[in-house]
$ cat work_36.txt   # compact mmCIF, C-alpha atoms
# COMPACT_ATOMS: atom_id res chain seq x y z
CA MET Y 112 13.81 18.62 -8.74
CA GLY Y 113 11.33 17.63 -11.40
CA LYS Y 114 10.68 15.30 -14.32
CA VAL Y 115 8.19 15.40 -17.17
CA GLY Y 116 7.44 12.33 -19.26
CA ARG Y 117 8.87 8.88 -18.77
CA ALA Y 118 12.24 7.17 -18.69
CA GLU Y 119 13.49 5.33 -21.77
CA THR Y 120 12.84 1.91 -20.29
CA ALA Y 121 10.09 -0.65 -20.66
CA THR Y 122 9.85 -0.95 -16.86
CA ASP Y 123 8.60 2.62 -16.41
CA PRO Y 124 4.77 2.65 -16.59
CA ALA Y 125 4.57 6.45 -16.42
CA PRO Y 126 2.67 8.17 -19.23
CA LEU Y 127 4.26 10.91 -21.33
CA THR Y 128 2.08 13.49 -19.59
CA MET Y 129 3.11 12.61 -16.01
CA ILE Y 130 4.88 15.36 -14.07
CA GLU Y 131 6.93 14.38 -11.03
CA THR Y 132 8.20 17.04 -8.64
CA VAL Y 133 10.45 15.96 -5.76
CA ILE Y 134 10.38 18.29 -2.75
CA GLN Y 135 13.31 18.00 -0.35
CA LEU Y 136 12.13 18.92 3.15
CA LYS Y 137 14.31 20.57 5.75
CA PRO Y 138 15.36 18.57 8.83
CA ARG Y 139 12.49 18.18 11.32
CA GLU Y 140 14.24 20.26 13.96
CA GLN Y 141 13.91 23.26 11.62
CA TRP Y 142 10.15 22.84 11.12
CA ARG Y 143 7.68 25.27 12.65
CA ASP Y 144 5.98 24.24 15.87
CA GLY Y 145 3.03 21.96 15.27
CA VAL Y 146 3.98 21.15 11.68
CA THR Y 147 3.52 17.51 10.63
CA THR Y 148 3.72 15.67 7.35
CA GLU Y 149 -0.08 15.75 7.06
CA SER Y 150 -0.26 19.50 7.76
CA LEU Y 151 2.43 20.10 5.10
CA ARG Y 152 0.40 18.05 2.68
CA ARG Y 153 -2.67 20.21 3.33
CA GLU Y 154 -0.63 23.39 2.88
CA PHE Y 155 0.82 22.12 -0.40
CA ASP Y 156 -2.67 21.33 -1.67
CA GLN Y 157 -3.80 24.89 -0.95
CA LEU Y 158 -0.72 26.58 -2.41
CA ILE Y 159 -0.05 24.41 -5.46
CA GLN Y 160 -2.99 24.42 -7.85
CA PHE Y 161 -2.41 24.16 -11.62
CA PRO Y 162 -5.27 24.06 -14.13
CA GLY Y 163 -5.58 20.62 -15.68
CA LEU Y 164 -3.35 18.94 -13.06
CA THR Y 165 -4.21 17.07 -9.87
CA ASN Y 166 -1.95 16.65 -6.83
CA ALA Y 167 -0.97 13.30 -5.36
CA TRP Y 168 1.52 13.64 -2.49
CA VAL Y 169 3.50 10.41 -2.17
CA MET Y 170 6.97 9.30 -1.09
CA PRO Y 171 9.38 8.99 -4.06
CA ILE Y 172 10.97 5.59 -3.42
CA LYS Y 173 7.73 4.01 -2.20
CA THR Y 174 5.91 5.37 -5.25
CA ARG Y 175 8.51 3.96 -7.62
CA ILE Y 176 8.19 0.52 -6.00
CA ASP Y 177 4.39 0.71 -6.21
CA MET Y 178 4.54 1.74 -9.85
CA LEU Y 179 6.87 -1.12 -10.73
CA ALA Y 180 4.66 -3.60 -8.86
CA THR Y 181 1.15 -2.50 -9.87
CA GLY Y 182 1.66 0.58 -12.06
CA ILE Y 183 -0.40 2.70 -9.65
CA LYS Y 184 1.42 5.50 -7.85
CA THR Y 185 -1.49 6.52 -5.56
CA PRO Y 186 -2.94 4.49 -2.65
CA ILE Y 187 -5.90 3.41 -4.78
CA GLY Y 188 -6.17 2.89 -8.52
CA ILE Y 189 -8.85 1.68 -10.90
CA LYS Y 190 -7.84 -0.17 -14.05
CA ILE Y 191 -10.41 -0.01 -16.84
CA ALA Y 192 -9.99 -2.72 -19.49
CA GLY Y 193 -11.74 -3.01 -22.84
CA PRO Y 194 -11.26 -3.06 -26.60
CA ASP Y 195 -11.72 0.67 -27.43
CA LEU Y 196 -9.47 3.34 -25.90
CA GLU Y 197 -11.98 6.13 -26.56
CA VAL Y 198 -14.68 4.28 -24.62
CA ILE Y 199 -12.16 3.61 -21.82
CA GLU Y 200 -11.42 7.35 -21.64
CA ASP Y 201 -15.15 8.14 -21.48
CA ILE Y 202 -15.61 5.63 -18.65
CA GLY Y 203 -12.75 7.24 -16.70
CA ALA Y 204 -14.21 10.72 -17.22
CA ASP Y 205 -17.61 9.50 -15.96
CA LEU Y 206 -16.10 7.86 -12.87
CA GLU Y 207 -14.14 10.98 -11.84
CA PRO Y 208 -17.13 12.95 -10.43
CA LEU Y 209 -18.53 9.83 -8.73
CA LEU Y 210 -15.27 9.21 -6.87
CA ASN Y 211 -14.86 12.91 -6.02
CA SER Y 212 -18.18 12.82 -4.19
CA ILE Y 213 -16.99 10.12 -1.77
CA PRO Y 214 -15.82 11.47 1.64
CA GLY Y 215 -12.06 11.14 2.08
CA THR Y 216 -11.16 11.68 -1.57
CA ALA Y 217 -8.15 14.00 -1.88
CA SER Y 218 -7.82 13.88 -5.67
CA VAL Y 219 -8.97 11.82 -8.64
CA TYR Y 220 -7.35 11.75 -12.06
CA ALA Y 221 -8.46 9.57 -14.96
CA GLU Y 222 -5.85 9.16 -17.67
CA ARG Y 223 -6.71 10.62 -21.06
CA VAL Y 224 -5.71 7.51 -22.92
CA ALA Y 225 -6.93 8.79 -26.31
CA GLY Y 226 -5.90 12.44 -26.11
CA GLY Y 227 -2.59 12.40 -27.95
CA ARG Y 228 -1.75 14.55 -30.99
CA TYR Y 229 0.51 13.18 -33.70
CA VAL Y 230 2.05 14.35 -36.95
CA THR Y 231 1.43 11.67 -39.58
CA ILE Y 232 3.61 11.53 -42.67
CA ASP Y 233 1.91 9.26 -45.21
CA ILE Y 234 4.21 8.67 -48.19
CA LYS Y 235 2.51 8.77 -51.60
CA ARG Y 236 4.16 5.88 -53.43
CA ARG Y 237 3.21 6.87 -56.96
CA SER Y 238 4.36 10.45 -56.53
CA ALA Y 239 7.66 9.26 -55.06
CA ALA Y 240 8.17 6.82 -57.93
CA ARG Y 241 7.53 9.61 -60.43
CA TYR Y 242 10.57 11.43 -59.02
CA GLY Y 243 12.68 8.27 -58.91
CA LEU Y 244 12.41 7.87 -55.12
CA ASN Y 245 11.45 4.78 -53.19
CA ILE Y 246 9.99 4.51 -49.67
CA SER Y 247 13.36 4.09 -47.93
CA ASP Y 248 14.76 7.24 -49.56
CA VAL Y 249 11.92 9.38 -48.25
CA GLN Y 250 11.97 7.72 -44.81
CA GLN Y 251 15.70 8.29 -44.51
CA VAL Y 252 15.22 12.01 -45.05
CA ILE Y 253 12.40 12.10 -42.47
CA THR Y 254 14.44 10.09 -39.96
CA THR Y 255 17.54 12.23 -40.34
CA ALA Y 256 16.01 15.67 -40.79
CA VAL Y 257 13.14 15.43 -38.28
CA GLY Y 258 13.94 12.69 -35.78
CA GLY Y 259 17.71 12.96 -35.85
CA MET Y 260 20.30 10.31 -36.60
CA LYS Y 261 23.39 9.35 -34.66
CA VAL Y 262 26.36 9.72 -36.97
CA GLY Y 263 29.23 9.44 -34.54
CA GLU Y 264 30.52 9.76 -31.01
CA THR Y 265 32.97 12.13 -29.38
CA VAL Y 266 35.29 11.04 -26.60
CA GLU Y 267 36.09 13.59 -23.88
CA GLY Y 268 38.34 11.81 -21.39
CA LEU Y 269 36.16 9.16 -19.72
CA GLU Y 270 32.97 10.68 -21.11
CA ARG Y 271 31.21 9.67 -24.31
CA TYR Y 272 28.82 11.98 -26.16
CA PRO Y 273 26.73 10.96 -29.19
CA ILE Y 274 26.73 13.18 -32.28
CA ASN Y 275 23.25 13.58 -33.78
CA VAL Y 276 22.42 15.37 -37.02
CA ARG Y 277 19.04 16.86 -37.90
CA TYR Y 278 17.51 20.09 -39.18
CA PRO Y 279 17.24 23.07 -36.83
CA GLN Y 280 13.95 23.33 -34.94
CA ASP Y 281 12.87 26.35 -37.00
CA TYR Y 282 12.67 24.07 -40.05
CA ARG Y 283 10.44 21.40 -38.43
CA ASP Y 284 8.23 22.94 -35.71
CA SER Y 285 4.96 22.96 -37.71
CA VAL Y 286 3.16 20.94 -40.36
CA VAL Y 287 3.64 23.72 -42.93
CA LYS Y 288 7.41 23.76 -42.41
CA LEU Y 289 7.53 19.97 -42.59
CA GLN Y 290 5.67 20.12 -45.89
CA ASN Y 291 8.35 22.46 -47.24
CA LEU Y 292 11.32 20.31 -46.20
CA PRO Y 293 13.62 19.94 -49.24
CA LEU Y 294 14.39 16.60 -50.86
CA VAL Y 295 16.93 15.93 -53.61
CA THR Y 296 15.95 13.38 -56.25
CA PRO Y 297 18.45 11.06 -57.95
CA ASN Y 298 18.30 13.39 -60.96
CA GLY Y 299 19.39 16.33 -58.80
CA ALA Y 300 15.99 18.02 -58.71
CA ARG Y 301 14.95 19.74 -55.49
CA ILE Y 302 11.39 19.05 -54.37
CA ALA Y 303 9.38 19.57 -51.18
CA LEU Y 304 8.39 16.75 -48.85
CA ALA Y 305 4.73 17.59 -49.52
CA ASP Y 306 5.24 16.57 -53.16
CA VAL Y 307 5.78 12.93 -52.17
CA ALA Y 308 3.96 12.68 -48.78
CA ASP Y 309 0.71 13.69 -47.15
CA ILE Y 310 1.50 15.45 -43.82
CA ARG Y 311 -1.31 16.07 -41.29
CA TYR Y 312 -2.21 16.14 -37.60
CA GLU Y 313 -4.03 13.10 -36.17
CA ASP Y 314 -5.49 12.15 -32.79
CA GLY Y 315 -4.30 9.00 -31.08
CA PRO Y 316 -3.35 7.46 -27.75
CA PRO Y 317 -0.32 9.07 -26.07
CA MET Y 318 0.55 5.68 -24.58
CA ILE Y 319 -1.13 2.28 -24.80
CA LYS Y 320 -1.17 0.19 -21.63
CA THR Y 321 -2.22 -3.44 -21.69
CA GLU Y 322 -2.85 -6.03 -19.01
CA ASN Y 323 -3.96 -9.58 -19.73
CA ALA Y 324 -3.77 -8.74 -23.43
CA ARG Y 325 -6.43 -6.00 -23.11
CA PRO Y 326 -5.96 -2.22 -23.51
CA ASN Y 327 -6.15 -0.38 -20.19
CA GLY Y 328 -6.89 3.08 -18.85
CA TRP Y 329 -6.11 3.91 -15.25
CA ILE Y 330 -7.69 6.19 -12.65
CA PHE Y 331 -5.47 7.45 -9.81
CA VAL Y 332 -7.22 8.11 -6.49
CA ASP Y 333 -5.53 9.76 -3.51
CA ILE Y 334 -7.30 9.69 -0.14
CA GLN Y 335 -6.86 11.37 3.24
CA GLY Y 336 -8.50 10.87 6.61
CA ARG Y 337 -9.78 7.39 5.76
CA ASP Y 338 -8.48 3.84 5.66
CA LEU Y 339 -8.14 1.99 2.39
CA GLY Y 340 -10.59 -0.78 3.20
CA SER Y 341 -13.62 1.32 4.12
CA TYR Y 342 -12.98 3.78 1.29
CA VAL Y 343 -12.78 1.08 -1.37
CA GLU Y 344 -15.89 -0.64 -0.01
CA GLU Y 345 -17.87 2.60 -0.25
CA ALA Y 346 -16.39 3.44 -3.66
CA GLN Y 347 -17.26 0.01 -5.03
CA ARG Y 348 -20.82 0.37 -3.73
CA VAL Y 349 -21.21 3.86 -5.26
CA VAL Y 350 -19.81 2.74 -8.62
CA ALA Y 351 -22.02 -0.35 -8.66
CA GLU Y 352 -25.16 1.67 -7.83
CA GLN Y 353 -24.60 4.76 -9.97
CA PHE Y 354 -22.61 3.55 -12.97
CA SER Y 355 -23.22 0.90 -15.58
CA LEU Y 356 -20.28 -0.48 -17.55
CA PRO Y 357 -20.71 -1.05 -21.29
CA ALA Y 358 -20.57 -4.63 -22.51
CA GLY Y 359 -17.04 -5.91 -22.96
CA TYR Y 360 -15.46 -3.58 -20.38
CA SER Y 361 -14.36 -4.25 -16.81
CA ILE Y 362 -12.80 -2.41 -13.88
CA THR Y 363 -10.24 -3.71 -11.38
CA TRP Y 364 -9.29 -2.04 -8.08
CA SER Y 365 -5.54 -1.86 -7.65
CA GLY Y 366 -2.74 0.06 -5.89
CA GLN Y 367 -2.01 -0.39 -2.19
CA TYR Y 368 -5.51 -1.82 -1.88
CA GLU Y 369 -4.28 -4.75 -3.96
CA TYR Y 370 -1.49 -5.35 -1.42
CA MET Y 371 -4.02 -5.15 1.41
CA GLU Y 372 -6.28 -7.76 -0.19
CA ARG Y 373 -3.36 -10.13 -0.71
CA ALA Y 374 -2.21 -9.56 2.87
CA LYS Y 375 -5.72 -10.22 4.22
CA GLU Y 376 -5.77 -13.54 2.38
CA ARG Y 377 -2.43 -14.48 3.92
CA LEU Y 378 -3.46 -13.33 7.40
CA SER Y 379 -6.65 -15.37 7.12
CA ILE Y 380 -4.32 -18.38 6.93
CA VAL Y 381 -1.51 -17.23 9.24
CA ILE Y 382 -3.71 -16.23 12.20
CA PRO Y 383 -5.64 -19.55 12.46
CA VAL Y 384 -2.38 -21.48 12.02
CA THR Y 385 -0.77 -19.38 14.78
CA ILE Y 386 -3.68 -20.04 17.14
CA ALA Y 387 -3.58 -23.75 16.31
CA ILE Y 388 0.16 -23.89 17.07
CA ILE Y 389 -0.38 -22.07 20.38
CA MET Y 390 -3.12 -24.53 21.35
CA LEU Y 391 -0.94 -27.48 20.38
CA LEU Y 392 1.99 -26.21 22.45
CA LEU Y 393 -0.32 -25.55 25.39
CA TYR Y 394 -1.67 -29.08 25.20
CA PHE Y 395 1.85 -30.52 25.11
CA SER Y 396 2.64 -28.44 28.20
CA PHE Y 397 -0.43 -29.27 30.34
CA ARG Y 398 -1.65 -32.53 28.75
CA ARG Y 399 -5.21 -31.47 29.62
CA VAL Y 400 -7.81 -29.73 27.51
CA GLY Y 401 -9.15 -27.74 30.47
CA GLU Y 402 -6.04 -25.59 30.96
CA VAL Y 403 -5.81 -25.00 27.22
CA ALA Y 404 -9.45 -23.86 27.16
CA ILE Y 405 -8.90 -21.46 30.09
CA ILE Y 406 -6.05 -19.66 28.36
CA MET Y 407 -7.60 -19.64 24.88
CA LEU Y 408 -11.01 -18.42 26.10
CA SER Y 409 -9.37 -15.63 28.07
CA LEU Y 410 -7.02 -14.65 25.23
CA PRO Y 411 -9.52 -12.24 23.54
CA LEU Y 412 -9.54 -10.19 26.76
CA ALA Y 413 -5.82 -9.59 26.28
CA MET Y 414 -6.57 -8.06 22.88
CA VAL Y 415 -8.94 -5.46 24.32
CA GLY Y 416 -6.16 -3.13 25.46
CA GLY Y 417 -4.53 -3.21 22.03
CA LEU Y 418 -7.83 -2.35 20.34
CA TRP Y 419 -8.47 0.55 22.71
CA LEU Y 420 -4.99 2.00 22.21
CA MET Y 421 -5.36 1.70 18.42
CA TYR Y 422 -8.68 3.54 18.68
CA TYR Y 423 -7.12 6.25 20.85
CA LEU Y 424 -4.18 6.71 18.45
CA ASN Y 425 -6.51 6.60 15.41
CA TYR Y 426 -4.60 3.71 13.84
CA ASN Y 427 -6.24 1.67 11.09
CA PHE Y 428 -5.81 -2.07 10.82
CA SER Y 429 -2.81 -2.94 8.67
CA ILE Y 430 -0.27 -5.70 8.19
CA ALA Y 431 1.94 -4.19 10.88
CA VAL Y 432 -0.99 -4.08 13.31
CA GLY Y 433 -1.77 -7.73 12.52
CA VAL Y 434 1.84 -8.67 13.28
CA GLY Y 435 1.58 -6.75 16.56
CA PHE Y 436 -1.52 -8.68 17.61
CA ILE Y 437 0.11 -12.00 16.72
CA ALA Y 438 3.11 -11.09 18.91
CA LEU Y 439 0.74 -9.93 21.66
CA ALA Y 440 -1.07 -13.28 21.59
CA GLY Y 441 2.20 -15.10 22.13
CA VAL Y 442 3.30 -12.96 25.09
CA ALA Y 443 -0.17 -12.98 26.68
CA VAL Y 444 -0.30 -16.77 26.46
CA GLU Y 445 3.17 -16.96 27.98
CA THR Y 446 2.18 -14.97 31.08
CA GLY Y 447 -1.08 -16.92 31.29
CA VAL Y 448 0.84 -20.19 31.29
CA LEU Y 449 3.09 -18.84 34.01
CA MET Y 450 0.12 -18.05 36.22
CA LEU Y 451 -1.69 -21.31 35.50
CA VAL Y 452 1.37 -23.42 36.33
CA TYR Y 453 1.63 -21.92 39.81
CA LEU Y 454 -2.12 -22.18 40.38
CA ASN Y 455 -1.93 -25.89 39.54
CA GLN Y 456 1.07 -26.33 41.85
CA ALA Y 457 -0.72 -24.64 44.75
CA TRP Y 458 -3.89 -26.70 44.16
CA HIS Y 459 -1.87 -29.92 43.90
CA ALA Y 460 -0.19 -29.09 47.21
CA LYS Y 461 -3.62 -28.60 48.82
CA LYS Y 462 -4.72 -31.96 47.46
CA LEU Y 463 -1.67 -33.71 48.96
CA GLU Y 464 -2.25 -31.96 52.26
CA ALA Y 465 -5.90 -33.08 52.30
CA GLN Y 466 -4.90 -36.68 51.49
CA GLU Y 467 -2.42 -36.74 54.36
CA LYS Y 468 -5.06 -35.44 56.76
CA ALA Y 469 -7.75 -37.65 55.18
CA LYS Y 470 -10.23 -34.85 54.78
CA GLN Y 471 -12.34 -33.48 51.96
CA LEU Y 472 -11.32 -30.39 50.05
CA THR Y 473 -13.56 -27.39 50.68
CA ARG Y 474 -14.26 -24.14 48.93
CA GLN Y 475 -12.02 -22.37 51.44
CA ASP Y 476 -9.12 -24.67 50.52
CA LEU Y 477 -9.61 -23.76 46.86
CA ILE Y 478 -9.67 -20.04 47.65
CA GLU Y 479 -6.48 -20.37 49.69
CA ALA Y 480 -4.77 -22.29 46.87
CA VAL Y 481 -5.79 -19.67 44.33
CA ARG Y 482 -4.55 -16.84 46.58
CA GLU Y 483 -1.30 -18.63 47.25
CA GLY Y 484 -0.61 -19.53 43.60
CA ALA Y 485 -1.62 -16.14 42.21
CA GLY Y 486 0.14 -14.24 44.99
CA GLN Y 487 3.45 -15.92 44.24
CA ARG Y 488 3.27 -14.74 40.60
CA VAL Y 489 2.29 -11.08 41.07
CA ARG Y 490 5.82 -9.72 40.95
CA PRO Y 491 7.10 -11.87 38.01
CA VAL Y 492 3.97 -11.18 35.94
CA VAL Y 493 4.08 -7.43 36.63
CA MET Y 494 7.81 -7.32 35.85
CA THR Y 495 7.33 -9.27 32.62
CA ASP Y 496 4.49 -7.05 31.37
CA LEU Y 497 6.11 -3.77 32.42
CA THR Y 498 9.39 -4.80 30.77
CA VAL Y 499 7.58 -5.28 27.47
CA ILE Y 500 5.65 -2.02 27.82
CA ILE Y 501 8.65 0.08 28.91
CA GLY Y 502 10.80 -1.45 26.17
CA LEU Y 503 8.28 -0.55 23.46
CA ILE Y 504 7.33 2.96 24.62
CA PRO Y 505 10.42 4.63 22.99
CA ILE Y 506 9.23 3.30 19.62
CA MET Y 507 6.03 5.35 19.96
CA TYR Y 508 8.10 8.56 20.19
CA GLY Y 509 10.33 7.76 17.21
CA ALA Y 510 10.15 9.88 14.06
CA GLY Y 511 12.78 8.37 11.79
CA THR Y 512 12.58 6.14 8.76
CA GLY Y 513 10.30 3.17 9.36
CA SER Y 514 8.91 4.60 12.61
CA GLU Y 515 5.30 4.52 11.38
CA VAL Y 516 5.46 0.79 10.72
CA MET Y 517 7.17 0.06 14.03
CA GLN Y 518 4.61 2.14 15.94
CA ARG Y 519 1.78 0.10 14.49
CA ILE Y 520 3.51 -3.10 15.57
CA ALA Y 521 4.23 -1.76 19.05
CA ALA Y 522 0.84 -0.14 19.77
CA PRO Y 523 -1.20 -3.39 20.00
CA MET Y 524 1.47 -4.91 22.23
CA ILE Y 525 1.63 -1.92 24.60
CA GLY Y 526 -2.12 -1.66 25.01
CA GLY Y 527 -2.56 -5.42 25.01
CA MET Y 528 0.05 -6.02 27.69
CA ALA Y 529 -1.80 -3.58 29.98
CA SER Y 530 -5.03 -5.57 29.63
CA ALA Y 531 -3.09 -8.85 29.73
CA LEU Y 532 -1.73 -7.83 33.14
CA ILE Y 533 -5.28 -7.56 34.51
CA LEU Y 534 -6.21 -10.75 32.70
CA THR Y 535 -3.34 -12.72 34.20
CA LEU Y 536 -3.68 -11.45 37.76
CA VAL Y 537 -7.49 -11.34 38.03
CA VAL Y 538 -9.35 -13.16 35.29
CA ILE Y 539 -7.33 -16.40 35.03
CA PRO Y 540 -7.37 -17.05 38.81
CA ALA Y 541 -11.13 -16.41 38.83
CA ILE Y 542 -11.70 -18.81 35.91
CA PHE Y 543 -9.44 -21.37 37.57
CA LYS Y 544 -11.50 -21.13 40.76
CA LEU Y 545 -14.79 -21.61 38.88
CA TRP Y 546 -13.34 -24.58 37.00
CA LYS Y 547 -12.10 -26.35 40.16
CA LEU Y 548 -15.29 -25.80 42.19
CA ARG Y 549 -16.59 -29.15 40.92
CA GLU Y 550 -13.77 -30.91 42.82
CA VAL Y 551 -14.58 -29.50 46.26
CA GLN Y 552 -17.44 -29.68 48.72
CA SER Y 553 -19.68 -26.62 48.88

$ encode --input "work_36.txt" --output "structure tokens"
Amino acid sequence: MGKVGRAETATDPAPLTMIETVIQLKPREQWRDGVTTESLRREFDQLIQFPGLTNAWVMPIKTRIDMLATGIKTPIGIKIAGPDLEVIEDIGADLEPLLNSIPGTASVYAERVAGGRYVTIDIKRRSAARYGLNISDVQQVITTAVGGMKVGETVEGLERYPINVRYPQDYRDSVVKLQNLPLVTPNGARIALADVADIRYEDGPPMIKTENARPNGWIFVDIQGRDLGSYVEEAQRVVAEQFSLPAGYSITWSGQYEYMERAKERLSIVIPVTIAIIMLLLYFSFRRVGEVAIIMLSLPLAMVGGLWLMYYLNYNFSIAVGVGFIALAGVAVETGVLMLVYLNQAWHAKKLEAQEKAKQLTRQDLIEAVREGAGQRVRPVVMTDLTVIIGLIPIMYGAGTGSEVMQRIAAPMIGGMASALILTLVVIPAIFKLWKLREVQS
């Protein structure tokens, strides 16, 4: 399926020159062995090459949502704003080779915002008046004969079809033929349109985009093999070093990168608030700052497994990954609290035993309390962590709609729970022992 141009709606930001081709893929079970979405994309790029066109392989529904939200249908877009469309087009043409030189660039296309061709019909008022015609008479002929006018509607059952009237295409497909279009004056004389109008070709913008009350020209950038953040950082550095904007013009980075920047701002608030809530709940549970410090200082170790698994799977940081790490922090703290509660209970029991026997606590008593408290929690902690890991593993093998997002939520939790298991069983008891050494005799 394909579409050229734009829909007749003000919500469609597509230019008249945009070509959309929708490719319906076969079910995955019919794909060749080893074929993935990325490999198909590379094959399409090699097979489909049209002069003057650039490829941007994107999902249809996602692209439409992106276009309605930011106007950019590729992962990254640059919006050039300024007063003169011709200068904006020149800036886009100059930025194209700079962006193409950056590693990870799949395609770059700068809109030709001033490359339209128009037929201008400029009515000569005095000539029209000489023949007894006014402006509306001439415009009515142009509207009806060239553009077409709806004169009625036909009803076919439940269907409605408009009836338009205009000259056949052979009478209006060139400037010369338009100049020879016949007009009838009020006196009954037949004249040509060229007698009362100047008809010529003119250059102009095919479509004028504006943002913040300033004309815009957009550059569409598609990337592969790189994450958005690092690519945009390098692109911004290259543009700043190798290109100088004229006075009165500005560029704005948009597309999915714009979503990422907004999400980073929100995460910069959500993550500290989440950590603060965890610390507050821990304090309400233990009523001592020491236990809270033990768990919070050991929490980064629980993240190590998630980071390693992300590195192994070649996942970039995203909103889904951030959500996965937030969930991991909650579960890791939960198992840490479980271990710490039983360590405190075992140590409290040793204290009561020492008070009954009226003796001082020794290092050996502390070691026995740690072994007893940690030993009682080995099976529950292992079961808790393995339940989370085993429950999330099927997500990593999914291939349906939304699987990519779910995998990036699950991956930090799977890897993090593996390191959290070692943290809970080994690191927290060791920290607890070091912390309580000040209460015993050496």

$ closest_residue --input "work_36.txt" --among "Y:Leu548, Y:Ala469, Y:Ile437, Y:Val452" --to "Y:Ile406" --atoms "all atoms listed in the file"
Y:Val452

$ residues_around --input "work_36.txt" --residues "stretch 324-334 of chain Y" --least-positions-apart "2" --cutoff "8 Å" --atoms "all atoms listed in the file" --output "ChimeraX atom specification"
/Y:167,183-196,199-200,203,215-224,319-322,336-337

$ write_last_selection --input "work_36.txt" --atoms "C-alpha atoms" --output "mmCIF file, keeping the file's coordinate frame"
data_model
loop_
_atom_site.group_PDB
_atom_site.id
_atom_site.type_symbol
_atom_site.label_atom_id
_atom_site.label_comp_id
_atom_site.auth_asym_id
_atom_site.auth_seq_id
_atom_site.Cartn_x
_atom_site.Cartn_y
_atom_site.Cartn_z
ATOM 1 C CA ALA Y 167 -0.970 13.300 -5.360
ATOM 2 C CA ILE Y 183 -0.400 2.700 -9.650
ATOM 3 C CA LYS Y 184 1.420 5.500 -7.850
ATOM 4 C CA THR Y 185 -1.490 6.520 -5.560
ATOM 5 C CA PRO Y 186 -2.940 4.490 -2.650
ATOM 6 C CA ILE Y 187 -5.900 3.410 -4.780
ATOM 7 C CA GLY Y 188 -6.170 2.890 -8.520
ATOM 8 C CA ILE Y 189 -8.850 1.680 -10.900
ATOM 9 C CA LYS Y 190 -7.840 -0.170 -14.050
ATOM 10 C CA ILE Y 191 -10.410 -0.010 -16.840
ATOM 11 C CA ALA Y 192 -9.990 -2.720 -19.490
ATOM 12 C CA GLY Y 193 -11.740 -3.010 -22.840
ATOM 13 C CA PRO Y 194 -11.260 -3.060 -26.600
ATOM 14 C CA ASP Y 195 -11.720 0.670 -27.430
ATOM 15 C CA LEU Y 196 -9.470 3.340 -25.900
ATOM 16 C CA ILE Y 199 -12.160 3.610 -21.820
ATOM 17 C CA GLU Y 200 -11.420 7.350 -21.640
ATOM 18 C CA GLY Y 203 -12.750 7.240 -16.700
ATOM 19 C CA GLY Y 215 -12.060 11.140 2.080
ATOM 20 C CA THR Y 216 -11.160 11.680 -1.570
ATOM 21 C CA ALA Y 217 -8.150 14.000 -1.880
ATOM 22 C CA SER Y 218 -7.820 13.880 -5.670
ATOM 23 C CA VAL Y 219 -8.970 11.820 -8.640
ATOM 24 C CA TYR Y 220 -7.350 11.750 -12.060
ATOM 25 C CA ALA Y 221 -8.460 9.570 -14.960
ATOM 26 C CA GLU Y 222 -5.850 9.160 -17.670
ATOM 27 C CA ARG Y 223 -6.710 10.620 -21.060
ATOM 28 C CA VAL Y 224 -5.710 7.510 -22.920
ATOM 29 C CA ILE Y 319 -1.130 2.280 -24.800
ATOM 30 C CA LYS Y 320 -1.170 0.190 -21.630
ATOM 31 C CA THR Y 321 -2.220 -3.440 -21.690
ATOM 32 C CA GLU Y 322 -2.850 -6.030 -19.010
ATOM 33 C CA GLY Y 336 -8.500 10.870 6.610
ATOM 34 C CA ARG Y 337 -9.780 7.390 5.760
#

$ atom_distance --input "work_36.txt" --atom1 "atom CA of Y:Asp281" --atom2 "atom CA of Y:Asp314"
23.6 Å

$ residues_around --input "work_36.txt" --residues "Y:Met507" --least-positions-apart "2" --cutoff "9 Å" --atoms "all atoms listed in the file" --output "ChimeraX atom specification"
/Y:503-505,509-510,514-515,517-519,521-522

$ atom_distance --input "work_36.txt" --atom1 "atom CA of Y:Ala443" --atom2 "atom CA of Y:Leu532"
8.4 Å

$ closest_residue --input "work_36.txt" --among "Y:Arg237, Y:Phe436, Y:Val444, Y:Val133" --to "Y:Val381" --atoms "only C-alpha atoms"
Y:Phe436

$ closest_residue --input "work_36.txt" --among "Y:Pro491, Y:Gly526, Y:Gly417, Y:Pro297" --to "Y:Asn245" --atoms "all atoms listed in the file"
Y:Pro297

$ closest_residue --input "work_36.txt" --among "Y:Ala358, Y:Val499, Y:Ala346, Y:Ala457" --to "Y:Gly484" --atoms "only C-alpha atoms"
Y:Ala457

$ atom_distance --input "work_36.txt" --atom1 "atom CA of Y:Val448" --atom2 "atom CA of Y:Glu464"
24.2 Å

$ closest_atom_pairs --input "work_36.txt" --of "stretch 361-469 of chain Y" --to "stretch 536-546 of chain Y" --cutoff "12 Å" --atoms "only C-alpha atoms" --output "CSV"
residue,atom,partner,partner_atom,distance
Y:Gly401,CA,Y:Trp546,CA,8.4
Y:Glu402,CA,Y:Phe543,CA,8.5
Y:Val403,CA,Y:Phe543,CA,11.6
Y:Ala404,CA,Y:Ile542,CA,10.4
Y:Ile405,CA,Y:Ile542,CA,7.0
Y:Ile406,CA,Y:Ile539,CA,7.5
Y:Met407,CA,Y:Ile539,CA,10.7
Y:Leu408,CA,Y:Ile542,CA,9.8
Y:Ser409,CA,Y:Ile539,CA,7.3
Y:Leu410,CA,Y:Ile539,CA,10.0
Y:Pro411,CA,Y:Val538,CA,11.8
Y:Leu412,CA,Y:Val538,CA,9.0
Y:Ala413,CA,Y:Val538,CA,10.3
Y:Ala443,CA,Y:Ile539,CA,11.5
Y:Val444,CA,Y:Ile539,CA,11.1
Y:Thr446,CA,Y:Leu536,CA,9.6
Y:Gly447,CA,Y:Ile539,CA,7.3
Y:Val448,CA,Y:Ile539,CA,9.8
Y:Leu449,CA,Y:Leu536,CA,10.7
Y:Met450,CA,Y:Ile539,CA,7.7
Y:Leu451,CA,Y:Ile539,CA,7.5
Y:Val452,CA,Y:Phe543,CA,11.1
Y:Tyr453,CA,Y:Pro540,CA,10.3
Y:Leu454,CA,Y:Pro540,CA,7.5
Y:Asn455,CA,Y:Phe543,CA,9.0
Y:Ala457,CA,Y:Pro540,CA,11.7
Y:Trp458,CA,Y:Lys544,CA,10.0
